[in-house]
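Read through the structure below, which is laid out as structure tokens, and then see the notes.
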Amino acid sequence: MDAGGLLEQIHSPAELRSFAPEQLTQLAEEIRDTLIRTVSRTGGHLASNLGVVELTLALHLCFDSPDDALVWDVGHQTYTHKLLTDRWKDFGTLRQSHGLSGFSAPQESPHDLFLCGHASASISAALGLAEARAMQGNPRHTVAILGDGAMTGGLAYEAMNNAGRNSGYLHRPGMAQDGHGLPKLIVILNDNEMSISKNVGSLAGMLSRLRVQPMYRLTKQRVERRLRQIPLVGGGLARLLHSFKEQLKRIFYPSATFFQDLGFDYTGPIDGHDLDLLCRALQSAKLARRPILVHVRTVKGRGYNYAEQSPSAFHGVAPFDMDSGEPPPGQDGSFSAVFGQSLCELAAADPSVCAVTAAMSLGTGLHCFEQQFPRRFFDVGIAEGHAVTFAAGLACQGMRPVFAVYSTFLQRGYDQLLHDGALQGRPLVIAADRAGFVGEDGPTHHGLYDVAFLRSIPGVTVFSPSGYNELRLCLWQALYDCKNLAVVRYPRGAEGAFPRDFIPSGAPYVTRGDGKAFALVTYGRLFSAACAALRQLEQEGLRGRIVKLTQVHPLDPGALDAVLDCACVAFFEEGIRSGGAGEAFGEGLLERRFQGRFRTVAVEGFVRQAPMAELLAEYRLDAAGMTEELRRLTA
């Protein structure tokens, strides 16, 4: 990629320190231009990356990556970091097949120390890194960078509680009195939307500016040390000074005390677009003797008017027209949108229907529900486990909650699904969006594991509709026919093409064709490819049938009986093989003493980023792959 200007001169972030202030300002503009131009072609996370340009520059000016570890929460805001760590030439391959990841990726660069695609995990990972470095005698810093949205997730507070509990550095066993060998942990809170606390005017601003001066921290430490050296009264004076200072902060600057009560020092809020102020704050933070949180305020979408005006819409975007901010034509219609519309129709007729989301109302299609039924709409933040249990509480009081969540994030609520969902024996519906391959977001986001882990939960019913009308039917059945936990899973994007005579019935399974040479068994969006494969094989004189599962679990016995007279059975599954529906189908055939050949074509291992069509072909789950597999199986 031809970056031009200053950006092409950077092969290591250390080179930034030779830049003059006006060059750094120019570099920030070049980076924003590169981000907008690239993401408009590749899609990706734009608003969050535009908001952290100066913050990323400041981090690389003040820390020596990778000797100092930078751990990015989620990792979707690392685009500037990638540009500054000698990846700008490949930046045009962002999120493309075999290109740069849209998240932090250790296989790409030593500057990416921890792979993460789910929120709220950075402090836990950074604390582990910091403690390991301390035990190894490594004096370098570890920095976790997370957004205010990630602070709605409980994992962040579990990590802060753990870090703060160990913040009595001078009293920890095995630690020298000078603090040598202590874990050096800095948390950067990138506050770009949710206001954690109100800035209380000029006094708060003055205190903020004072606290980011490195000399302030050095002077404070020296004064406290000198006071403690005064015979008899020194310790008491130091404690009195500290107590007086803490009381003032509680009165005038309450935001600081929350984090300090968790055992952290606190600095901020800092203007996240003032590079000089950011650098002074970070240099000051490096002097802290216990974990410290640096509170930074940034603007999502900074520098691109459309993204600043609609940061949610430009959080994760498909390719778009850079001049208008609009997506190209032909991208209307999706399972998510149909789900949202259907749930609104059900809620209009039934006042007990509620919607729950974990900070994903737009992505899951619930924004219309939020507008039409605000009293029955609940956004719990990035807290999927809490969302499941919260929804279970609603169900216990007679409501009909539907928790809409991406399949990859549903993984975070497994214990709650088992203990607080299924075990309660109450109707609870999960709408698992983005089930199957998700394409360019890659291995942290593919929804390939839900069927496997859901099958282990007693009493759960799992539906996997193939098209929009079937999604409507499955959602109704989950709400009104199921008496326990029910999951409706559906893929990203639009429905495929189906035979004109196919009419969804709501039955647990349907069959097409009456041949006995083979049975092609599948579910979800693969039904479209299965129909194409059946047509091709029939043209070749090979007659078989399709068994399409609508209810993936538990398996309807009739679906197993429907293939017993076939010479061979092939189960095609857009999900993980181990524990999947194909495995269950094979067990069912074995129990029925099926005499033919059986084969499961499914996913094994973690899956790379690539367009969904490319991945379906790679794993032989498209029409061509199904056709070839069945030719081999029947040969």
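Residues in the structure tokens are numbered from 1 in each chain, the chains being A, B, ... in the order shown, and ligands are numbered from 1 in the order shown.
Omitting A:Pro351 and its sequence neighbours fewer than 4 positions away, and counting only C-alpha atoms, the residues within 12 Å are Leu343, Cys344, Glu345, Leu346, Ala347, Ala355, Phe373, Arg375, Arg376, Phe377, Gly398, Met399, Arg400 and Pro401 of chain A.
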Q: Find, counting only C-alpha atoms, the residue in A:Leu287, A:Leu189, A:Leu475, A:Leu83 that gets nearest to A:Ile123.
A: A:Leu189
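Atom pair atom CA of A:Leu423 / atom CA of A:Gln411: separated by 17.6 Å.
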Distance table requested - stretch 466-528 of chain A against stretch 541-546 of chain A, cut-off 6 Å, only C-alpha atoms: one row per qualifying residue with the closest atom pair and its distance in Å to one decimal, ordered by chain and rising residue number, as a tab-separated table.
residue	atom	partner	partner_atom	distance
A:Thr511	CA	A:Ile546	CA	5.4
A:Arg512	CA	A:Ile546	CA	5.0
A:Gly513	CA	A:Arg545	CA	4.3
A:Asp514	CA	A:Arg545	CA	5.5
A:Gly515	CA	A:Gly544	CA	3.7
A:Lys516	CA	A:Gly544	CA	5.1
A:Ala517	CA	A:Gly544	CA	5.1
A:Phe518	CA	A:Gly544	CA	4.7
A:Ala519	CA	A:Arg545	CA	4.9
A:Leu520	CA	A:Ile546	CA	4.7
A:Val521	CA	A:Ile546	CA	5.8
(Q) Counting only C-alpha atoms, which residue out of A:Arg87, A:Lys184, A:His295, A:Arg140 sits closest to A:Pro269? (A) A:His295
